[in-house]
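Here the structure comes first, spelled out in C-alpha cells, and everything after it is commentary.
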Amino acid sequence: MQFEKSDLLKTLPKQFFASLVAKVNAKIAAGADVINLGQGNPDLPTPDYIVKAMQTATAKAADHKYSLFRGELRFKEAIAQFYLTEYGVTIDPKTEVAILAGSKIGLVELPWALMNPGDTLLLPDPGYPDYLSGAALGRVNYETVPLKRENDFLIDYSAIPGSTAKKAKFLYMNYPNNPTGAVATTEFYEQTVAFAKHHSVGIVSDFAYGAIGFDGHKPLSFLQTPGAKDVGIETYTLSKTFNMAGWRVGFAVGNADMIEAINLIQDHLFVSIFPAIQDAAVEALSNTQARHNAVKSLQQTYESRRNAFVSAVREFNWEPYLPKGAFYVLMPVPKGYTSAEFADLLLTEANVAVADASGFGDKGEGYIRVGLTIDEKRLVEAAKRIGQLAVFKA
C-alpha cells in the first residue's frame with residue numbers, strides 16, 4: 001500500500017534550515033573542513049546551575065508523572081516574577097502565561113488558535129522562515145512587511161497600505177531580529193501599539209533573542225510599552241538565553257484572550273512538557289544572581305565574537321550591517337551574485353557555510369547571514385578564507 005500526504009502537508013513551504021544542513025553535511029561527508037556559520041544553534045553549554053537543577057528534578061518521582069495540561073503553576077509564577085524583575089512588567093501567572101515546548105510551537109500554532117482560513121497575517125520580510133509554516137498550517141493568507149536597512153530593519157507602519165492594514169488580523173515582529181541583528185526602540189514599540197489599536201491588529205512579538213544585546217544595550221520587551229498587553233503577546237525561549245536549545249522550553253505572555261486560545265489548542269495537542277524540565281526552568285529564571293552572571297557571560301562572548309569577525313572582514317573592505325543584538329551578522333553580497341549563488345560559492349570554494357538570507361524572504365536577497373555560534377578562532381579563519389576569494393581580490 002502507498003499513502004499520499006494530505007493536501008495540507010503539500011501546502012507547507014520547503015524547510016529552509018533542513019536544506020541548509022543537508023548541503024553542509026554532504027560537504028563534510030566528502031572530507032572537507034567546513035566552518036559552519038549558517039546555524040542558529042548555540043554552541044555553548046547550558047549553565048551548570050541549571051543542569052544540576054535538572055539532575056535533581058529527574059530524581060523526583062513526582063516529576064515522572066504527567067504534567068498539568070497547561071504547565072506547572074510554579075513555572076508560571078517564575079515566569080511572572082522574571083518579567084517583573086527584568087522588565088518591570090506585571091504578568092498574571094494564571095491567565096497571562098502559556099507554557100510552550102519551545103517558542104516555535106507558539107508561533108506556528110497561533111494561526112490555528114486565533115485565525116480562520118482566509119484571514120490575513122502580516123509577516124516581516126526578512127523573517128524567521130517557520131512563520132510561513134504557521135500560515136500554511138492555519139490556512140490563512142499572509143502579506144509581508146518589508147524590513148529595510150535604511151530604516152534599521154524596523155517596520156515602517158506608514159508604508160503599510162491602508163487596505164492591507166484593514167484586513168490584517170495579526171502581525172508578527174522579531175527584535176532583536178533574525179537575520180539582521182536589528183533591535184527595537186521605545187518609539188518603535190509605541191508606534192506598534194498605536195498601529196495595532198488603530199487597525200484592530202493583534203501583535204505577536206517574537207523575543208527569542210531578548211537576552212542578547214551589544215554595546216551596553218539591553219533589548220526592550222514589547223510588553224514594557226504602555227498598552228502592549230491590550231493588543232498582543234510576547235513569546236520567549238530559554239534556548240538562546242540559557243543555551244537550552246535541545247531542552248525545548250519556552251513560553252508566551254501577555255494578552256489573556258490570546259493566551260487562553262493558545263492554551264486551549266495545546267490542551268488538544270500536548271500534555272505540557274516534562275515536569276523536570278519545568279523545574280530546571282524555574283531555577284534558570286529564579287536564581288537571580290546565577291542568571292545575571294550567565295547572561296552577562298553570554299553577552300560578552302557573542303559581542304567579542306561579533307567584534308572579531310567584523311574586524312577580520314573589514315580588513316578586505318567587506319562592510320557588515322553592524323548588529324546590536326541576537327547572534328548574527330548580516331553581510332552584503334558582492335555585485336554579480338544572488339544570495340544563493342554567493343552562499344554556494346563560499347561553501348564550494350572556501351568551505352564556509354552561511355545562510356542565504358533570501359531564505360528568510362524576498363527582502364533578504366542581497367545578503368547572507370553569518371552565525372556567531374562558533375569560537376572566535378574559527379570565525380576569524382572563516383573570514384580569512386573568504387577574503388582569499390577572487391571576488392574580493394578584484
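Residues are named by chain letter and number: chains run A, B, ... in the order of the C-alpha cells, numbers start at 1 in each chain, and ligands are numbered from 1 in the order shown.
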
Task: Spatial neighbours of Val352 in chain A, 8 Å, only C-alpha atoms, chain gap at least 2 places, as a list in words - done: Val34, Ile35, Asn36, Leu37, Leu346, Leu347, Thr348, Ala350, Val354, Ala382, Arg385 and Ile386 of chain A

If we count only C-alpha atoms, what is near Val51 in chain A at a cut-off of 12 Å, once residues fewer than 4 positions away on the same chain are taken out, given as a PDB file with all heavy atoms, in the first residue's frame?
```pdb
ATOM      1  N   PRO A  45      27.653  25.574  26.468  1.00  0.00           N
ATOM      2  CA  PRO A  45      26.903  24.654  27.324  1.00  0.00           C
ATOM      3  C   PRO A  45      25.837  25.369  28.143  1.00  0.00           C
ATOM      4  O   PRO A  45      25.931  26.570  28.415  1.00  0.00           O
ATOM      5  CB  PRO A  45      27.988  24.074  28.244  1.00  0.00           C
ATOM      6  CG  PRO A  45      29.027  25.155  28.326  1.00  0.00           C
ATOM      7  CD  PRO A  45      29.039  25.795  26.967  1.00  0.00           C
ATOM      8  N   THR A  46      24.814  24.619  28.515  1.00  0.00           N
ATOM      9  CA  THR A  46      23.819  25.124  29.458  1.00  0.00           C
ATOM     10  C   THR A  46      24.515  25.417  30.784  1.00  0.00           C
ATOM     11  O   THR A  46      25.337  24.620  31.242  1.00  0.00           O
ATOM     12  CB  THR A  46      22.711  24.083  29.676  1.00  0.00           C
ATOM     13  OG1 THR A  46      22.146  23.745  28.411  1.00  0.00           O
ATOM     14  CG2 THR A  46      21.632  24.611  30.599  1.00  0.00           C
ATOM     15  N   PRO A  47      24.241  26.564  31.422  1.00  0.00           N
ATOM     16  CA  PRO A  47      24.891  26.877  32.695  1.00  0.00           C
ATOM     17  C   PRO A  47      24.744  25.746  33.712  1.00  0.00           C
ATOM     18  O   PRO A  47      23.692  25.103  33.804  1.00  0.00           O
ATOM     19  CB  PRO A  47      24.159  28.146  33.151  1.00  0.00           C
ATOM     20  CG  PRO A  47      23.755  28.806  31.870  1.00  0.00           C
ATOM     21  CD  PRO A  47      23.379  27.674  30.958  1.00  0.00           C
ATOM     22  N   GLN A  55      19.202  17.629  37.095  1.00  0.00           N
ATOM     23  CA  GLN A  55      19.616  16.334  37.645  1.00  0.00           C
ATOM     24  C   GLN A  55      18.847  16.015  38.926  1.00  0.00           C
ATOM     25  O   GLN A  55      18.407  14.877  39.132  1.00  0.00           O
ATOM     26  CB  GLN A  55      21.128  16.342  37.910  1.00  0.00           C
ATOM     27  CG  GLN A  55      21.955  16.353  36.634  1.00  0.00           C
ATOM     28  CD  GLN A  55      23.431  16.644  36.875  1.00  0.00           C
ATOM     29  OE1 GLN A  55      23.797  17.247  37.905  1.00  0.00           O
ATOM     30  NE2 GLN A  55      24.282  16.241  35.958  1.00  0.00           N
ATOM     31  N   THR A  56      18.656  17.040  39.739  1.00  0.00           N
ATOM     32  CA  THR A  56      17.886  16.852  40.968  1.00  0.00           C
ATOM     33  C   THR A  56      16.427  16.539  40.654  1.00  0.00           C
ATOM     34  O   THR A  56      15.823  15.634  41.237  1.00  0.00           O
ATOM     35  CB  THR A  56      17.979  18.111  41.845  1.00  0.00           C
ATOM     36  OG1 THR A  56      19.339  18.335  42.209  1.00  0.00           O
ATOM     37  CG2 THR A  56      17.146  17.956  43.113  1.00  0.00           C
ATOM     38  N   ALA A  57      15.872  17.282  39.697  1.00  0.00           N
ATOM     39  CA  ALA A  57      14.454  17.116  39.369  1.00  0.00           C
ATOM     40  C   ALA A  57      14.157  15.745  38.771  1.00  0.00           C
ATOM     41  O   ALA A  57      13.095  15.164  39.024  1.00  0.00           O
ATOM     42  CB  ALA A  57      14.011  18.216  38.406  1.00  0.00           C
ATOM     43  N   THR A  58      15.084  15.209  37.981  1.00  0.00           N
ATOM     44  CA  THR A  58      14.819  13.910  37.351  1.00  0.00           C
ATOM     45  C   THR A  58      14.788  12.781  38.374  1.00  0.00           C
ATOM     46  O   THR A  58      14.269  11.698  38.082  1.00  0.00           O
ATOM     47  CB  THR A  58      15.871  13.577  36.282  1.00  0.00           C
ATOM     48  OG1 THR A  58      17.171  13.595  36.861  1.00  0.00           O
ATOM     49  CG2 THR A  58      15.798  14.557  35.118  1.00  0.00           C
ATOM     50  N   PHE A 242      19.808  30.737  27.738  1.00  0.00           N
ATOM     51  CA  PHE A 242      20.500  29.789  28.619  1.00  0.00           C
ATOM     52  C   PHE A 242      21.127  28.623  27.863  1.00  0.00           C
ATOM     53  O   PHE A 242      21.492  27.619  28.475  1.00  0.00           O
ATOM     54  CB  PHE A 242      19.514  29.240  29.663  1.00  0.00           C
ATOM     55  CG  PHE A 242      18.892  30.305  30.529  1.00  0.00           C
ATOM     56  CD1 PHE A 242      17.574  30.695  30.347  1.00  0.00           C
ATOM     57  CD2 PHE A 242      19.634  30.938  31.518  1.00  0.00           C
ATOM     58  CE1 PHE A 242      16.995  31.675  31.140  1.00  0.00           C
ATOM     59  CE2 PHE A 242      19.062  31.924  32.312  1.00  0.00           C
ATOM     60  CZ  PHE A 242      17.749  32.298  32.131  1.00  0.00           C
ATOM     61  N   ASN A 243      21.272  28.751  26.540  1.00  0.00           N
ATOM     62  CA  ASN A 243      21.857  27.668  25.740  1.00  0.00           C
ATOM     63  C   ASN A 243      21.123  26.354  25.968  1.00  0.00           C
ATOM     64  O   ASN A 243      21.734  25.301  26.161  1.00  0.00           O
ATOM     65  CB  ASN A 243      23.353  27.502  26.049  1.00  0.00           C
ATOM     66  CG  ASN A 243      24.133  28.777  25.832  1.00  0.00           C
ATOM     67  OD1 ASN A 243      23.969  29.446  24.825  1.00  0.00           O
ATOM     68  ND2 ASN A 243      24.968  29.135  26.797  1.00  0.00           N
ATOM     69  N   MET A 244      19.806  26.402  25.936  1.00  0.00           N
ATOM     70  CA  MET A 244      18.969  25.232  26.207  1.00  0.00           C
ATOM     71  C   MET A 244      18.158  24.841  24.972  1.00  0.00           C
ATOM     72  O   MET A 244      17.022  24.371  25.074  1.00  0.00           O
ATOM     73  CB  MET A 244      18.034  25.526  27.391  1.00  0.00           C
ATOM     74  CG  MET A 244      18.766  25.722  28.713  1.00  0.00           C
ATOM     75  SD  MET A 244      17.702  26.366  30.048  1.00  0.00           S
ATOM     76  CE  MET A 244      16.585  24.981  30.289  1.00  0.00           C
ATOM     77  N   TRP A 247      16.494  21.484  24.948  1.00  0.00           N
ATOM     78  CA  TRP A 247      15.573  21.210  26.058  1.00  0.00           C
ATOM     79  C   TRP A 247      14.126  21.462  25.661  1.00  0.00           C
ATOM     80  O   TRP A 247      13.213  20.903  26.262  1.00  0.00           O
ATOM     81  CB  TRP A 247      15.917  22.092  27.263  1.00  0.00           C
ATOM     82  CG  TRP A 247      17.267  21.879  27.852  1.00  0.00           C
ATOM     83  CD1 TRP A 247      18.471  21.881  27.198  1.00  0.00           C
ATOM     84  CD2 TRP A 247      17.570  21.665  29.232  1.00  0.00           C
ATOM     85  NE1 TRP A 247      19.491  21.688  28.092  1.00  0.00           N
ATOM     86  CE2 TRP A 247      18.969  21.550  29.359  1.00  0.00           C
ATOM     87  CE3 TRP A 247      16.780  21.582  30.376  1.00  0.00           C
ATOM     88  CZ2 TRP A 247      19.595  21.337  30.585  1.00  0.00           C
ATOM     89  CZ3 TRP A 247      17.411  21.377  31.604  1.00  0.00           C
ATOM     90  CH2 TRP A 247      18.802  21.250  31.696  1.00  0.00           C
ATOM     91  N   ALA A 276      10.251  17.825  35.038  1.00  0.00           N
ATOM     92  CA  ALA A 276      11.631  18.086  35.473  1.00  0.00           C
ATOM     93  C   ALA A 276      12.247  19.241  34.686  1.00  0.00           C
ATOM     94  O   ALA A 276      13.020  20.035  35.239  1.00  0.00           O
ATOM     95  CB  ALA A 276      12.477  16.820  35.319  1.00  0.00           C
ATOM     96  N   ILE A 277      11.915  19.336  33.417  1.00  0.00           N
ATOM     97  CA  ILE A 277      12.396  20.463  32.625  1.00  0.00           C
ATOM     98  C   ILE A 277      11.789  21.759  33.145  1.00  0.00           C
ATOM     99  O   ILE A 277      12.467  22.800  33.213  1.00  0.00           O
ATOM    100  CB  ILE A 277      12.067  20.263  31.134  1.00  0.00           C
ATOM    101  CG1 ILE A 277      12.892  19.105  30.563  1.00  0.00           C
ATOM    102  CG2 ILE A 277      12.320  21.544  30.340  1.00  0.00           C
ATOM    103  CD1 ILE A 277      12.618  18.803  29.103  1.00  0.00           C
ATOM    104  N   ASP A 279      10.942  22.319  36.230  1.00  0.00           N
ATOM    105  CA  ASP A 279      11.645  22.634  37.477  1.00  0.00           C
ATOM    106  C   ASP A 279      13.004  23.268  37.198  1.00  0.00           C
ATOM    107  O   ASP A 279      13.417  24.221  37.883  1.00  0.00           O
ATOM    108  CB  ASP A 279      11.822  21.363  38.314  1.00  0.00           C
ATOM    109  CG  ASP A 279      10.555  20.955  39.045  1.00  0.00           C
ATOM    110  OD1 ASP A 279       9.624  21.786  39.138  1.00  0.00           O
ATOM    111  OD2 ASP A 279      10.480  19.810  39.528  1.00  0.00           O
ATOM    112  N   ALA A 280      13.719  22.741  36.202  1.00  0.00           N
ATOM    113  CA  ALA A 280      15.008  23.324  35.838  1.00  0.00           C
ATOM    114  C   ALA A 280      14.822  24.738  35.294  1.00  0.00           C
ATOM    115  O   ALA A 280      15.642  25.634  35.568  1.00  0.00           O
ATOM    116  CB  ALA A 280      15.703  22.442  34.809  1.00  0.00           C
ATOM    117  N   ALA A 281      13.743  24.953  34.550  1.00  0.00           N
ATOM    118  CA  ALA A 281      13.461  26.283  34.020  1.00  0.00           C
ATOM    119  C   ALA A 281      13.135  27.269  35.141  1.00  0.00           C
ATOM    120  O   ALA A 281      13.501  28.449  35.072  1.00  0.00           O
ATOM    121  CB  ALA A 281      12.308  26.212  33.017  1.00  0.00           C
ATOM    122  N   VAL A 282      12.447  26.778  36.171  1.00  0.00           N
ATOM    123  CA  VAL A 282      12.188  27.621  37.348  1.00  0.00           C
ATOM    124  C   VAL A 282      13.507  28.102  37.940  1.00  0.00           C
ATOM    125  O   VAL A 282      13.679  29.292  38.247  1.00  0.00           O
ATOM    126  CB  VAL A 282      11.361  26.854  38.401  1.00  0.00           C
ATOM    127  CG1 VAL A 282      11.329  27.627  39.721  1.00  0.00           C
ATOM    128  CG2 VAL A 282       9.942  26.616  37.906  1.00  0.00           C
ATOM    129  N   GLU A 283      14.450  27.186  38.089  1.00  0.00           N
ATOM    130  CA  GLU A 283      15.757  27.559  38.646  1.00  0.00           C
ATOM    131  C   GLU A 283      16.486  28.525  37.709  1.00  0.00           C
ATOM    132  O   GLU A 283      17.119  29.485  38.168  1.00  0.00           O
ATOM    133  CB  GLU A 283      16.601  26.306  38.873  1.00  0.00           C
ATOM    134  CG  GLU A 283      17.995  26.560  39.441  1.00  0.00           C
ATOM    135  CD  GLU A 283      17.991  27.108  40.861  1.00  0.00           C
ATOM    136  OE1 GLU A 283      16.920  27.125  41.509  1.00  0.00           O
ATOM    137  OE2 GLU A 283      19.072  27.518  41.342  1.00  0.00           O
ATOM    138  N   ALA A 284      16.404  28.277  36.409  1.00  0.00           N
ATOM    139  CA  ALA A 284      17.056  29.154  35.437  1.00  0.00           C
ATOM    140  C   ALA A 284      16.600  30.596  35.597  1.00  0.00           C
ATOM    141  O   ALA A 284      17.411  31.532  35.585  1.00  0.00           O
ATOM    142  CB  ALA A 284      16.766  28.664  34.018  1.00  0.00           C
TER     143      ALA A 284
END
```

Task: Within 12 Å of Ala353 in chain A using only C-alpha atoms, minus same-chain residues under 6 positions, as JSON, numbers by chain - done: {"A": [20, 21, 22, 23, 24, 25, 26, 27, 28, 32, 33, 34, 35, 36, 37, 38, 39, 340, 342, 343, 344, 345, 346, 347, 368, 369, 370, 371, 374, 379, 382, 383, 385, 386]}

TODO: May I have all residues of range 121-208 of chain A that DSSP, computed from the backbone, assigns to alpha helix (DSSP H), given as an MDAnalysis selection string?
DONE: chainID A and resid 130:137 162:167 186:199

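Distances to Tyr87 in chain A were evaluated for A:Phe222, A:Phe392, A:Tyr175, A:Phe327 using only C-alpha atoms, and the minimum falls at A:Phe222.
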
- [ ] Using only C-alpha atoms, find the one residue out of A:Asn177, A:Thr338, A:Thr301, A:Asn141 that sits nearest to Thr373 in chain A.
- [x] A:Thr301

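Minimum atom-to-atom distance to Pro13 in chain A, evaluated using only C-alpha atoms, belongs to A:Gly359 out of A:Phe274, A:Gly359, A:Lys229, A:Ala165.
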
Open item on the list: I'd like to know which of A:Gly181, A:Leu123, A:Glu187, A:Ser358 is closest to Thr164 in chain A, using only C-alpha atoms.
Closed with: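 Ranking A:Gly181, A:Leu123, A:Glu187, A:Ser358 by distance to Thr164 in chain A, first place goes to A:Leu123.
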
- [ ] as a PyMOL selection string, list the residues of range 229-309 of chain A assigned to strand (DSSP E) by DSSP on the backbone atoms of this structure.
- [x] chain A and resi 232-237+250-254

Keeping only N, CA and C atoms, write the selected residues as a JSON list (two decimals), in the first residue's frame.
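Generated file (selection_26.json):
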```json
[["chain", "number", "residue", "atom", "x", "y", "z"],
["A", 232, "GLY", "N", -1.50, 42.50, 22.40],
["A", 232, "GLY", "CA", -0.67, 41.38, 21.95],
["A", 232, "GLY", "C", 0.03, 40.59, 23.03],
["A", 233, "ILE", "N", 0.87, 39.67, 22.54],
["A", 233, "ILE", "CA", 1.65, 38.77, 23.39],
["A", 233, "ILE", "C", 3.11, 38.81, 22.97],
["A", 234, "GLU", "N", 3.92, 38.19, 23.81],
["A", 234, "GLU", "CA", 5.34, 38.04, 23.51],
["A", 234, "GLU", "C", 5.72, 36.58, 23.76],
["A", 235, "THR", "N", 6.46, 35.99, 22.84],
["A", 235, "THR", "CA", 6.99, 34.64, 23.04],
["A", 235, "THR", "C", 8.45, 34.73, 23.43],
["A", 236, "TYR", "N", 8.85, 33.84, 24.32],
["A", 236, "TYR", "CA", 10.23, 33.83, 24.84],
["A", 236, "TYR", "C", 10.70, 32.39, 24.90],
["A", 237, "THR", "N", 11.97, 32.18, 24.65],
["A", 237, "THR", "CA", 12.53, 30.84, 24.72],
["A", 237, "THR", "C", 13.77, 30.84, 25.61],
["A", 250, "GLY", "N", 9.88, 27.05, 26.48],
["A", 250, "GLY", "CA", 9.68, 28.48, 26.30],
["A", 250, "GLY", "C", 8.30, 28.84, 26.81],
["A", 251, "PHE", "N", 7.84, 30.04, 26.49],
["A", 251, "PHE", "CA", 6.53, 30.47, 26.97],
["A", 251, "PHE", "C", 6.04, 31.67, 26.18],
["A", 252, "ALA", "N", 4.76, 31.93, 26.30],
["A", 252, "ALA", "CA", 4.16, 33.15, 25.78],
["A", 252, "ALA", "C", 3.51, 33.87, 26.94],
["A", 253, "VAL", "N", 3.58, 35.20, 26.92],
["A", 253, "VAL", "CA", 2.98, 36.02, 27.98],
["A", 253, "VAL", "C", 2.27, 37.21, 27.35],
["A", 254, "GLY", "N", 1.25, 37.69, 28.05],
["A", 254, "GLY", "CA", 0.58, 38.89, 27.57],
["A", 254, "GLY", "C", -0.93, 38.77, 27.55]]
```
